[in-house]
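Structure file entry31.pdb; described as PDB, N, CA and C atoms, pLDDT in the B column.
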ATOM      1  N   MET S  13     -24.620 -18.133  -2.728  1.00 55.00           N
ATOM      2  CA  MET S  13     -25.156 -16.967  -3.400  1.00 55.00           C
ATOM      3  C   MET S  13     -24.988 -17.170  -4.896  1.00 55.00           C
ATOM      4  N   ASN S  14     -26.073 -17.098  -5.630  1.00 56.00           N
ATOM      5  CA  ASN S  14     -26.010 -17.264  -7.078  1.00 56.00           C
ATOM      6  C   ASN S  14     -25.945 -15.894  -7.729  1.00 56.00           C
ATOM      7  N   ARG S  15     -24.853 -15.599  -8.414  1.00 61.00           N
ATOM      8  CA  ARG S  15     -24.659 -14.312  -9.060  1.00 61.00           C
ATOM      9  C   ARG S  15     -24.658 -14.463 -10.571  1.00 61.00           C
ATOM     10  N   THR S  16     -25.286 -15.503 -11.084  1.00 57.00           N
ATOM     11  CA  THR S  16     -25.271 -15.743 -12.514  1.00 57.00           C
ATOM     12  C   THR S  16     -25.916 -14.562 -13.240  1.00 57.00           C
ATOM     13  N   LEU S  17     -25.187 -13.989 -14.157  1.00 56.00           N
ATOM     14  CA  LEU S  17     -25.657 -12.841 -14.912  1.00 56.00           C
ATOM     15  C   LEU S  17     -25.711 -13.185 -16.390  1.00 56.00           C
ATOM     16  N   PRO S  18     -26.599 -12.524 -17.120  1.00 55.00           N
ATOM     17  CA  PRO S  18     -26.547 -12.705 -18.573  1.00 55.00           C
ATOM     18  C   PRO S  18     -25.172 -12.293 -19.079  1.00 55.00           C
ATOM     19  N   SER S  19     -24.678 -12.970 -20.078  1.00 59.00           N
ATOM     20  CA  SER S  19     -23.319 -12.714 -20.553  1.00 59.00           C
ATOM     21  C   SER S  19     -23.121 -11.281 -21.018  1.00 59.00           C
ATOM     22  N   SER S  20     -24.185 -10.596 -21.404  1.00 66.00           N
ATOM     23  CA  SER S  20     -24.039  -9.223 -21.878  1.00 66.00           C
ATOM     24  C   SER S  20     -23.956  -8.207 -20.745  1.00 66.00           C
ATOM     25  N   LYS S  21     -24.319  -8.611 -19.527  1.00 85.00           N
ATOM     26  CA  LYS S  21     -24.289  -7.686 -18.392  1.00 85.00           C
ATOM     27  C   LYS S  21     -22.922  -7.739 -17.718  1.00 85.00           C
ATOM     28  N   ILE S  22     -22.256  -6.590 -17.662  1.00 90.00           N
ATOM     29  CA  ILE S  22     -20.938  -6.504 -17.043  1.00 90.00           C
ATOM     30  C   ILE S  22     -21.110  -5.994 -15.618  1.00 90.00           C
ATOM     31  N   PRO S  23     -20.622  -6.752 -14.626  1.00 93.00           N
ATOM     32  CA  PRO S  23     -20.777  -6.310 -13.248  1.00 93.00           C
ATOM     33  C   PRO S  23     -19.929  -5.071 -12.959  1.00 93.00           C
ATOM     34  N   HIS S  24     -20.455  -4.214 -12.088  1.00 95.00           N
ATOM     35  CA  HIS S  24     -19.716  -3.030 -11.667  1.00 95.00           C
ATOM     36  C   HIS S  24     -18.580  -3.436 -10.732  1.00 95.00           C
ATOM     37  N   VAL S  25     -17.495  -2.706 -10.790  1.00 95.00           N
ATOM     38  CA  VAL S  25     -16.323  -3.001  -9.956  1.00 95.00           C
ATOM     39  C   VAL S  25     -16.697  -2.976  -8.483  1.00 95.00           C
ATOM     40  N   LYS S  26     -17.516  -2.004  -8.072  1.00 96.00           N
ATOM     41  CA  LYS S  26     -17.872  -1.897  -6.652  1.00 96.00           C
ATOM     42  C   LYS S  26     -18.607  -3.144  -6.175  1.00 96.00           C
ATOM     43  N   ASP S  27     -19.406  -3.766  -7.046  1.00 96.00           N
ATOM     44  CA  ASP S  27     -20.095  -5.005  -6.688  1.00 96.00           C
ATOM     45  C   ASP S  27     -19.108  -6.163  -6.570  1.00 96.00           C
ATOM     46  N   CYS S  28     -18.124  -6.183  -7.450  1.00 97.00           N
ATOM     47  CA  CYS S  28     -17.101  -7.233  -7.412  1.00 97.00           C
ATOM     48  C   CYS S  28     -16.262  -7.120  -6.141  1.00 97.00           C
ATOM     49  N   ILE S  29     -15.906  -5.893  -5.777  1.00 97.00           N
ATOM     50  CA  ILE S  29     -15.119  -5.673  -4.560  1.00 97.00           C
ATOM     51  C   ILE S  29     -15.934  -6.067  -3.335  1.00 97.00           C
ATOM     52  N   ALA S  30     -17.214  -5.686  -3.311  1.00 97.00           N
ATOM     53  CA  ALA S  30     -18.086  -6.050  -2.188  1.00 97.00           C
ATOM     54  C   ALA S  30     -18.205  -7.570  -2.066  1.00 97.00           C
ATOM     55  N   TYR S  31     -18.283  -8.263  -3.196  1.00 96.00           N
ATOM     56  CA  TYR S  31     -18.353  -9.728  -3.179  1.00 96.00           C
ATOM     57  C   TYR S  31     -17.092 -10.321  -2.559  1.00 96.00           C
ATOM     58  N   MET S  32     -15.922  -9.850  -2.991  1.00 94.00           N
ATOM     59  CA  MET S  32     -14.664 -10.366  -2.442  1.00 94.00           C
ATOM     60  C   MET S  32     -14.567 -10.074  -0.945  1.00 94.00           C
ATOM     61  N   GLU S  33     -15.017  -8.893  -0.536  1.00 95.00           N
ATOM     62  CA  GLU S  33     -14.990  -8.547   0.887  1.00 95.00           C
ATOM     63  C   GLU S  33     -15.948  -9.433   1.682  1.00 95.00           C
ATOM     64  N   SER S  34     -17.038  -9.856   1.064  1.00 95.00           N
ATOM     65  CA  SER S  34     -17.965 -10.756   1.761  1.00 95.00           C
ATOM     66  C   SER S  34     -17.335 -12.132   1.992  1.00 95.00           C
ATOM     67  N   LEU S  35     -16.285 -12.446   1.234  1.00 92.00           N
ATOM     68  CA  LEU S  35     -15.564 -13.715   1.399  1.00 92.00           C
ATOM     69  C   LEU S  35     -14.374 -13.589   2.350  1.00 92.00           C
ATOM     70  N   GLY S  36     -14.194 -12.404   2.930  1.00 91.00           N
ATOM     71  CA  GLY S  36     -13.116 -12.215   3.893  1.00 91.00           C
ATOM     72  C   GLY S  36     -11.888 -11.515   3.343  1.00 91.00           C
ATOM     73  N   TRP S  37     -11.879 -11.189   2.063  1.00 93.00           N
ATOM     74  CA  TRP S  37     -10.760 -10.469   1.468  1.00 93.00           C
ATOM     75  C   TRP S  37     -10.938  -8.981   1.717  1.00 93.00           C
ATOM     76  N   ILE S  38      -9.885  -8.286   2.011  1.00 94.00           N
ATOM     77  CA  ILE S  38      -9.921  -6.853   2.293  1.00 94.00           C
ATOM     78  C   ILE S  38      -9.297  -6.117   1.122  1.00 94.00           C
ATOM     79  N   PHE S  39     -10.083  -5.224   0.499  1.00 97.00           N
ATOM     80  CA  PHE S  39      -9.558  -4.450  -0.624  1.00 97.00           C
ATOM     81  C   PHE S  39      -8.534  -3.461  -0.080  1.00 97.00           C
ATOM     82  N   GLN S  40      -7.321  -3.486  -0.636  1.00 96.00           N
ATOM     83  CA  GLN S  40      -6.241  -2.625  -0.178  1.00 96.00           C
ATOM     84  C   GLN S  40      -6.092  -1.379  -1.055  1.00 96.00           C
ATOM     85  N   TYR S  41      -5.888  -1.598  -2.342  1.00 96.00           N
ATOM     86  CA  TYR S  41      -5.682  -0.484  -3.265  1.00 96.00           C
ATOM     87  C   TYR S  41      -5.698  -1.011  -4.696  1.00 96.00           C
ATOM     88  N   ARG S  42      -5.733  -0.080  -5.635  1.00 96.00           N
ATOM     89  CA  ARG S  42      -5.656  -0.439  -7.046  1.00 96.00           C
ATOM     90  C   ARG S  42      -4.280  -0.054  -7.554  1.00 96.00           C
ATOM     91  N   ASN S  43      -3.619  -1.005  -8.179  1.00 92.00           N
ATOM     92  CA  ASN S  43      -2.306  -0.795  -8.777  1.00 92.00           C
ATOM     93  C   ASN S  43      -2.456  -1.187 -10.239  1.00 92.00           C
ATOM     94  N   ASP S  44      -2.876  -0.233 -11.056  1.00 91.00           N
ATOM     95  CA  ASP S  44      -3.268  -0.479 -12.434  1.00 91.00           C
ATOM     96  C   ASP S  44      -2.341  -1.468 -13.129  1.00 91.00           C
ATOM     97  N   PRO S  45      -2.814  -2.566 -13.641  1.00 93.00           N
ATOM     98  CA  PRO S  45      -4.199  -2.974 -13.853  1.00 93.00           C
ATOM     99  C   PRO S  45      -4.751  -3.897 -12.767  1.00 93.00           C
ATOM    100  N   TRP S  46      -4.099  -4.020 -11.639  1.00 96.00           N
ATOM    101  CA  TRP S  46      -4.523  -4.973 -10.617  1.00 96.00           C
ATOM    102  C   TRP S  46      -5.294  -4.313  -9.486  1.00 96.00           C
ATOM    103  N   TYR S  47      -6.144  -5.119  -8.880  1.00 97.00           N
ATOM    104  CA  TYR S  47      -6.851  -4.757  -7.655  1.00 97.00           C
ATOM    105  C   TYR S  47      -6.240  -5.632  -6.571  1.00 97.00           C
ATOM    106  N   VAL S  48      -5.727  -5.020  -5.530  1.00 95.00           N
ATOM    107  CA  VAL S  48      -4.984  -5.757  -4.510  1.00 95.00           C
ATOM    108  C   VAL S  48      -5.880  -6.011  -3.300  1.00 95.00           C
ATOM    109  N   PHE S  49      -6.023  -7.293  -2.964  1.00 94.00           N
ATOM    110  CA  PHE S  49      -6.796  -7.722  -1.799  1.00 94.00           C
ATOM    111  C   PHE S  49      -5.852  -8.444  -0.847  1.00 94.00           C
ATOM    112  N   ASN S  50      -6.162  -8.382   0.424  1.00 93.00           N
ATOM    113  CA  ASN S  50      -5.359  -9.056   1.434  1.00 93.00           C
ATOM    114  C   ASN S  50      -6.296  -9.852   2.329  1.00 93.00           C
ATOM    115  N   ASN S  51      -5.839 -11.020   2.748  1.00 88.00           N
ATOM    116  CA  ASN S  51      -6.576 -11.831   3.705  1.00 88.00           C
ATOM    117  C   ASN S  51      -5.550 -12.510   4.595  1.00 88.00           C
ATOM    118  N   PRO S  52      -5.372 -11.993   5.815  1.00 81.00           N
ATOM    119  CA  PRO S  52      -4.356 -12.563   6.701  1.00 81.00           C
ATOM    120  C   PRO S  52      -4.643 -14.006   7.093  1.00 81.00           C
ATOM    121  N   ASN S  53      -5.858 -14.492   6.863  1.00 80.00           N
ATOM    122  CA  ASN S  53      -6.220 -15.859   7.224  1.00 80.00           C
ATOM    123  C   ASN S  53      -5.995 -16.860   6.106  1.00 80.00           C
ATOM    124  N   ARG S  54      -5.602 -16.377   4.921  1.00 75.00           N
ATOM    125  CA  ARG S  54      -5.373 -17.273   3.784  1.00 75.00           C
ATOM    126  C   ARG S  54      -4.017 -16.994   3.170  1.00 75.00           C
ATOM    127  N   THR S  55      -3.310 -18.046   2.835  1.00 71.00           N
ATOM    128  CA  THR S  55      -2.015 -17.925   2.175  1.00 71.00           C
ATOM    129  C   THR S  55      -2.170 -18.369   0.727  1.00 71.00           C
ATOM    130  N   ILE S  56      -1.786 -17.500  -0.191  1.00 71.00           N
ATOM    131  CA  ILE S  56      -1.891 -17.816  -1.608  1.00 71.00           C
ATOM    132  C   ILE S  56      -0.716 -18.679  -2.047  1.00 71.00           C
ATOM    133  N   TRP S  57       0.490 -18.212  -1.822  1.00 70.00           N
ATOM    134  CA  TRP S  57       1.695 -18.969  -2.160  1.00 70.00           C
ATOM    135  C   TRP S  57       2.866 -18.406  -1.368  1.00 70.00           C
ATOM    136  N   ALA S  58       3.721 -19.256  -0.918  1.00 69.00           N
ATOM    137  CA  ALA S  58       4.974 -18.889  -0.231  1.00 69.00           C
ATOM    138  C   ALA S  58       4.781 -17.803   0.824  1.00 69.00           C
ATOM    139  N   GLY S  59       3.739 -17.935   1.634  1.00 67.00           N
ATOM    140  CA  GLY S  59       3.520 -16.979   2.715  1.00 67.00           C
ATOM    141  C   GLY S  59       2.876 -15.678   2.297  1.00 67.00           C
ATOM    142  N   ASN S  60       2.522 -15.550   1.019  1.00 76.00           N
ATOM    143  CA  ASN S  60       1.905 -14.327   0.525  1.00 76.00           C
ATOM    144  C   ASN S  60       0.407 -14.356   0.816  1.00 76.00           C
ATOM    145  N   HIS S  61      -0.120 -13.275   1.385  1.00 82.00           N
ATOM    146  CA  HIS S  61      -1.541 -13.179   1.708  1.00 82.00           C
ATOM    147  C   HIS S  61      -2.290 -12.252   0.756  1.00 82.00           C
ATOM    148  N   GLU S  62      -1.647 -11.839  -0.327  1.00 87.00           N
ATOM    149  CA  GLU S  62      -2.275 -10.922  -1.272  1.00 87.00           C
ATOM    150  C   GLU S  62      -2.795 -11.650  -2.501  1.00 87.00           C
ATOM    151  N   LEU S  63      -3.908 -11.143  -3.011  1.00 90.00           N
ATOM    152  CA  LEU S  63      -4.516 -11.621  -4.236  1.00 90.00           C
ATOM    153  C   LEU S  63      -4.596 -10.408  -5.155  1.00 90.00           C
ATOM    154  N   THR S  64      -4.133 -10.536  -6.396  1.00 93.00           N
ATOM    155  CA  THR S  64      -4.060  -9.383  -7.293  1.00 93.00           C
ATOM    156  C   THR S  64      -4.713  -9.676  -8.651  1.00 93.00           C
ATOM    157  N   PRO S  65      -6.048  -9.727  -8.677  1.00 95.00           N
ATOM    158  CA  PRO S  65      -6.718  -9.960  -9.956  1.00 95.00           C
ATOM    159  C   PRO S  65      -6.796  -8.683 -10.799  1.00 95.00           C
ATOM    160  N   THR S  66      -6.855  -8.857 -12.103  1.00 97.00           N
ATOM    161  CA  THR S  66      -7.140  -7.739 -13.001  1.00 97.00           C
ATOM    162  C   THR S  66      -8.647  -7.512 -12.965  1.00 97.00           C
ATOM    163  N   ILE S  67      -9.122  -6.457 -13.599  1.00 96.00           N
ATOM    164  CA  ILE S  67     -10.554  -6.190 -13.614  1.00 96.00           C
ATOM    165  C   ILE S  67     -11.320  -7.327 -14.281  1.00 96.00           C
ATOM    166  N   LYS S  68     -10.763  -7.889 -15.339  1.00 96.00           N
ATOM    167  CA  LYS S  68     -11.425  -9.010 -16.015  1.00 96.00           C
ATOM    168  C   LYS S  68     -11.514 -10.213 -15.086  1.00 96.00           C
ATOM    169  N   GLU S  69     -10.415 -10.536 -14.397  1.00 96.00           N
ATOM    170  CA  GLU S  69     -10.413 -11.664 -13.470  1.00 96.00           C
ATOM    171  C   GLU S  69     -11.361 -11.414 -12.305  1.00 96.00           C
ATOM    172  N   LEU S  70     -11.395 -10.187 -11.824  1.00 96.00           N
ATOM    173  CA  LEU S  70     -12.288  -9.831 -10.717  1.00 96.00           C
ATOM    174  C   LEU S  70     -13.744 -10.017 -11.114  1.00 96.00           C
ATOM    175  N   ARG S  71     -14.076  -9.599 -12.321  1.00 95.00           N
ATOM    176  CA  ARG S  71     -15.459  -9.780 -12.807  1.00 95.00           C
ATOM    177  C   ARG S  71     -15.787 -11.248 -13.017  1.00 95.00           C
ATOM    178  N   GLU S  72     -14.824 -12.032 -13.489  1.00 95.00           N
ATOM    179  CA  GLU S  72     -15.049 -13.471 -13.657  1.00 95.00           C
ATOM    180  C   GLU S  72     -15.273 -14.139 -12.306  1.00 95.00           C
ATOM    181  N   MET S  73     -14.520 -13.736 -11.293  1.00 94.00           N
ATOM    182  CA  MET S  73     -14.711 -14.297  -9.951  1.00 94.00           C
ATOM    183  C   MET S  73     -16.097 -13.973  -9.440  1.00 94.00           C
ATOM    184  N   TYR S  74     -16.558 -12.761  -9.704  1.00 95.00           N
ATOM    185  CA  TYR S  74     -17.892 -12.357  -9.276  1.00 95.00           C
ATOM    186  C   TYR S  74     -18.973 -13.158 -10.003  1.00 95.00           C
ATOM    187  N   LYS S  75     -18.820 -13.291 -11.315  1.00 94.00           N
ATOM    188  CA  LYS S  75     -19.833 -13.985 -12.109  1.00 94.00           C
ATOM    189  C   LYS S  75     -19.852 -15.490 -11.864  1.00 94.00           C
ATOM    190  N   ASN S  76     -18.683 -16.096 -11.692  1.00 92.00           N
ATOM    191  CA  ASN S  76     -18.590 -17.547 -11.608  1.00 92.00           C
ATOM    192  C   ASN S  76     -18.317 -18.092 -10.214  1.00 92.00           C
ATOM    193  N   GLY S  77     -18.080 -17.202  -9.262  1.00 90.00           N
ATOM    194  CA  GLY S  77     -17.750 -17.630  -7.910  1.00 90.00           C
ATOM    195  C   GLY S  77     -16.258 -17.779  -7.733  1.00 90.00           C
ATOM    196  N   PHE S  78     -15.826 -17.563  -6.515  1.00 84.00           N
ATOM    197  CA  PHE S  78     -14.393 -17.646  -6.225  1.00 84.00           C
ATOM    198  C   PHE S  78     -14.156 -18.708  -5.210  1.00 84.00           C
TER     199      PHE S  78
END
As structure tokens, what does this structure read like?
Amino acid sequence: MNRTLPSSKIPHVKDCIAYMESLGWIFQYRNDPWYVFNNPNRTIWAGNHELTPTIKELREMYKNGF
């Protein structure tokens, strides 16, 4: 899926969350400034299954792929 956007267009958070969910990550909650995702099938580090990007990181993942 190509999500290349013009640099001036900022993706909406709901689109970024939907993208992560399409990759198997489950949105859990927002813990300002982080968005917490869980994927029981993937281990990030030391047995942790959570991914906690900031809004900027979440938008970068959406724009550039994760």
Checklist entry - Could you write out as a list in words the residues that the PyMOL selection byres ((chain S and resi 36) around 8) matches in the shown file? => result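 Here the PyMOL selection byres ((chain S and resi 36) around 8) matches Tyr31, Met32, Glu33, Ser34, Leu35, Trp37, Ile38, Phe39, Phe49, Asn50, Asn51, Pro52 and Asn53 of chain S.
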Checklist entry - For the file shown, what are the residues hit by the PyMOL selection byres (((chain S and resi 45 and name CA) around 10) and name CA), laid out as number ranges by chain? => result S: 42-44, 46-48, 64-68
Padding of 8 Å on every side, edges along x, y and z, all listed atoms of stretch 64-77 of chain S included: what centre and edge lengths in Å, to one decimal, does that box have, as AutoDock Vina command-line options?
--center_x -12.0 --center_y -12.1 --center_z -11.2 --size_x 31.8 --size_y 27.9 --size_z 25.6
Checklist entry - Using the chain letters and numbers from this document, which residues of chain S does DSSP assign to strand (DSSP E or B), as a ChimeraX atom specification? => result /S:38-43,46-50,57,60,62-63,66
Checklist entry - So which bits of chain S end up alpha helix (DSSP H) when you DSSP the backbone, as a VMD selection string? => result chain S and resid 25 to 34 67 to 76
Quick one: apply the PyMOL selection byres (((chain S and resi 71 and name CA) around 9) and name CA) to the file and drop the selected residues here as a short mmCIF file (atom, residue, chain, number, x, y, z; two decimals) with N, CA and C atoms, keeping the file's coordinate frame.
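Here's the written file selection-v2.cif:
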data_model
loop_
_atom_site.label_atom_id
_atom_site.label_comp_id
_atom_site.auth_asym_id
_atom_site.auth_seq_id
_atom_site.Cartn_x
_atom_site.Cartn_y
_atom_site.Cartn_z
N ILE S 22 -22.26 -6.59 -17.66
CA ILE S 22 -20.94 -6.50 -17.04
C ILE S 22 -21.11 -5.99 -15.62
N PRO S 23 -20.62 -6.75 -14.63
CA PRO S 23 -20.78 -6.31 -13.25
C PRO S 23 -19.93 -5.07 -12.96
N HIS S 24 -20.45 -4.21 -12.09
CA HIS S 24 -19.72 -3.03 -11.67
C HIS S 24 -18.58 -3.44 -10.73
N VAL S 25 -17.50 -2.71 -10.79
CA VAL S 25 -16.32 -3.00 -9.96
C VAL S 25 -16.70 -2.98 -8.48
N CYS S 28 -18.12 -6.18 -7.45
CA CYS S 28 -17.10 -7.23 -7.41
C CYS S 28 -16.26 -7.12 -6.14
N THR S 66 -6.86 -8.86 -12.10
CA THR S 66 -7.14 -7.74 -13.00
C THR S 66 -8.65 -7.51 -12.96
N ILE S 67 -9.12 -6.46 -13.60
CA ILE S 67 -10.55 -6.19 -13.61
C ILE S 67 -11.32 -7.33 -14.28
N LYS S 68 -10.76 -7.89 -15.34
CA LYS S 68 -11.42 -9.01 -16.02
C LYS S 68 -11.51 -10.21 -15.09
N GLU S 69 -10.42 -10.54 -14.40
CA GLU S 69 -10.41 -11.66 -13.47
C GLU S 69 -11.36 -11.41 -12.30
N LEU S 70 -11.40 -10.19 -11.82
CA LEU S 70 -12.29 -9.83 -10.72
C LEU S 70 -13.74 -10.02 -11.11
N GLU S 72 -14.82 -12.03 -13.49
CA GLU S 72 -15.05 -13.47 -13.66
C GLU S 72 -15.27 -14.14 -12.31
N MET S 73 -14.52 -13.74 -11.29
CA MET S 73 -14.71 -14.30 -9.95
C MET S 73 -16.10 -13.97 -9.44
N TYR S 74 -16.56 -12.76 -9.70
CA TYR S 74 -17.89 -12.36 -9.28
C TYR S 74 -18.97 -13.16 -10.00
N LYS S 75 -18.82 -13.29 -11.32
CA LYS S 75 -19.83 -13.98 -12.11
C LYS S 75 -19.85 -15.49 -11.86
N ASN S 76 -18.68 -16.10 -11.69
CA ASN S 76 -18.59 -17.55 -11.61
C ASN S 76 -18.32 -18.09 -10.21
#
Checklist entry - In Å to one decimal, how far is atom CA of S:Gly77 from atom N of S:Gln40? => result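 Calculated distance between atom N of S:Gln40 and atom CA of S:Gly77 is 19.0 Å.
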Next on the checklist: So the first atom is atom CA of S:Lys26 and the second is atom N of S:Trp57; what is the distance between them in Å, to one decimal place?
Outcome noted: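 Atom N of S:Trp57 lies 25.0 Å from atom CA of S:Lys26.
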Checklist entry - Separation of atom N of S:Tyr41 and atom C of S:His61, in Å? => result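 Interatomic distance, atom N of S:Tyr41 to atom C of S:His61: 11.7 Å.
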Output file: stretch 47-74 of chain S, N, CA and C atoms, as a PDB file, in the first residue's frame:
ATOM      1  N   TYR S  47       0.734   6.773  22.033  1.00  0.00           N
ATOM      2  CA  TYR S  47      -0.386   5.940  21.606  1.00  0.00           C
ATOM      3  C   TYR S  47       0.081   4.508  21.818  1.00  0.00           C
ATOM      4  N   VAL S  48      -0.658   3.747  22.589  1.00  0.00           N
ATOM      5  CA  VAL S  48      -0.219   2.408  22.977  1.00  0.00           C
ATOM      6  C   VAL S  48      -0.918   1.363  22.111  1.00  0.00           C
ATOM      7  N   PHE S  49      -0.102   0.553  21.437  1.00  0.00           N
ATOM      8  CA  PHE S  49      -0.591  -0.544  20.603  1.00  0.00           C
ATOM      9  C   PHE S  49      -0.051  -1.848  21.175  1.00  0.00           C
ATOM     10  N   ASN S  50      -0.790  -2.910  20.976  1.00  0.00           N
ATOM     11  CA  ASN S  50      -0.372  -4.224  21.445  1.00  0.00           C
ATOM     12  C   ASN S  50      -0.515  -5.205  20.292  1.00  0.00           C
ATOM     13  N   ASN S  51       0.418  -6.138  20.210  1.00  0.00           N
ATOM     14  CA  ASN S  51       0.340  -7.213  19.233  1.00  0.00           C
ATOM     15  C   ASN S  51       0.908  -8.457  19.896  1.00  0.00           C
ATOM     16  N   PRO S  52       0.027  -9.364  20.332  1.00  0.00           N
ATOM     17  CA  PRO S  52       0.504 -10.557  21.032  1.00  0.00           C
ATOM     18  C   PRO S  52       1.366 -11.460  20.161  1.00  0.00           C
ATOM     19  N   ASN S  53       1.359 -11.261  18.847  1.00  0.00           N
ATOM     20  CA  ASN S  53       2.142 -12.093  17.939  1.00  0.00           C
ATOM     21  C   ASN S  53       3.528 -11.544  17.658  1.00  0.00           C
ATOM     22  N   ARG S  54       3.828 -10.345  18.174  1.00  0.00           N
ATOM     23  CA  ARG S  54       5.140  -9.736  17.940  1.00  0.00           C
ATOM     24  C   ARG S  54       5.743  -9.287  19.256  1.00  0.00           C
ATOM     25  N   THR S  55       7.020  -9.537  19.417  1.00  0.00           N
ATOM     26  CA  THR S  55       7.745  -9.104  20.607  1.00  0.00           C
ATOM     27  C   THR S  55       8.677  -7.966  20.213  1.00  0.00           C
ATOM     28  N   ILE S  56       8.547  -6.845  20.900  1.00  0.00           N
ATOM     29  CA  ILE S  56       9.383  -5.690  20.609  1.00  0.00           C
ATOM     30  C   ILE S  56      10.747  -5.844  21.270  1.00  0.00           C
ATOM     31  N   TRP S  57      10.767  -6.045  22.567  1.00  0.00           N
ATOM     32  CA  TRP S  57      12.013  -6.250  23.306  1.00  0.00           C
ATOM     33  C   TRP S  57      11.691  -6.914  24.636  1.00  0.00           C
ATOM     34  N   ALA S  58      12.520  -7.806  25.052  1.00  0.00           N
ATOM     35  CA  ALA S  58      12.433  -8.470  26.366  1.00  0.00           C
ATOM     36  C   ALA S  58      11.021  -8.933  26.711  1.00  0.00           C
ATOM     37  N   GLY S  59      10.342  -9.546  25.750  1.00  0.00           N
ATOM     38  CA  GLY S  59       9.011 -10.083  26.016  1.00  0.00           C
ATOM     39  C   GLY S  59       7.894  -9.065  25.988  1.00  0.00           C
ATOM     40  N   ASN S  60       8.214  -7.811  25.673  1.00  0.00           N
ATOM     41  CA  ASN S  60       7.204  -6.762  25.633  1.00  0.00           C
ATOM     42  C   ASN S  60       6.487  -6.794  24.286  1.00  0.00           C
ATOM     43  N   HIS S  61       5.157  -6.770  24.309  1.00  0.00           N
ATOM     44  CA  HIS S  61       4.357  -6.792  23.086  1.00  0.00           C
ATOM     45  C   HIS S  61       3.733  -5.435  22.779  1.00  0.00           C
ATOM     46  N   GLU S  62       4.145  -4.396  23.492  1.00  0.00           N
ATOM     47  CA  GLU S  62       3.576  -3.070  23.290  1.00  0.00           C
ATOM     48  C   GLU S  62       4.489  -2.187  22.453  1.00  0.00           C
ATOM     49  N   LEU S  63       3.855  -1.341  21.653  1.00  0.00           N
ATOM     50  CA  LEU S  63       4.531  -0.345  20.847  1.00  0.00           C
ATOM     51  C   LEU S  63       3.938   0.994  21.267  1.00  0.00           C
ATOM     52  N   THR S  64       4.779   1.978  21.576  1.00  0.00           N
ATOM     53  CA  THR S  64       4.285   3.249  22.109  1.00  0.00           C
ATOM     54  C   THR S  64       4.854   4.447  21.338  1.00  0.00           C
ATOM     55  N   PRO S  65       4.361   4.664  20.115  1.00  0.00           N
ATOM     56  CA  PRO S  65       4.840   5.821  19.358  1.00  0.00           C
ATOM     57  C   PRO S  65       4.162   7.118  19.811  1.00  0.00           C
ATOM     58  N   THR S  66       4.855   8.223  19.628  1.00  0.00           N
ATOM     59  CA  THR S  66       4.244   9.537  19.823  1.00  0.00           C
ATOM     60  C   THR S  66       3.431   9.840  18.569  1.00  0.00           C
ATOM     61  N   ILE S  67       2.677  10.922  18.577  1.00  0.00           N
ATOM     62  CA  ILE S  67       1.885  11.276  17.406  1.00  0.00           C
ATOM     63  C   ILE S  67       2.775  11.525  16.194  1.00  0.00           C
ATOM     64  N   LYS S  68       3.919  12.150  16.405  1.00  0.00           N
ATOM     65  CA  LYS S  68       4.844  12.396  15.292  1.00  0.00           C
ATOM     66  C   LYS S  68       5.356  11.079  14.726  1.00  0.00           C
ATOM     67  N   GLU S  69       5.757  10.152  15.601  1.00  0.00           N
ATOM     68  CA  GLU S  69       6.247   8.853  15.147  1.00  0.00           C
ATOM     69  C   GLU S  69       5.145   8.066  14.454  1.00  0.00           C
ATOM     70  N   LEU S  70       3.938   8.150  14.978  1.00  0.00           N
ATOM     71  CA  LEU S  70       2.799   7.449  14.378  1.00  0.00           C
ATOM     72  C   LEU S  70       2.529   7.962  12.971  1.00  0.00           C
ATOM     73  N   ARG S  71       2.595   9.269  12.806  1.00  0.00           N
ATOM     74  CA  ARG S  71       2.390   9.851  11.463  1.00  0.00           C
ATOM     75  C   ARG S  71       3.520   9.483  10.519  1.00  0.00           C
ATOM     76  N   GLU S  72       4.748   9.425  11.023  1.00  0.00           N
ATOM     77  CA  GLU S  72       5.879   9.015  10.185  1.00  0.00           C
ATOM     78  C   GLU S  72       5.723   7.563   9.747  1.00  0.00           C
ATOM     79  N   MET S  73       5.260   6.703  10.642  1.00  0.00           N
ATOM     80  CA  MET S  73       5.036   5.299  10.281  1.00  0.00           C
ATOM     81  C   MET S  73       3.984   5.198   9.198  1.00  0.00           C
ATOM     82  N   TYR S  74       2.946   6.011   9.303  1.00  0.00           N
ATOM     83  CA  TYR S  74       1.890   6.010   8.298  1.00  0.00           C
ATOM     84  C   TYR S  74       2.409   6.502   6.947  1.00  0.00           C
TER      85      TYR S  74
END
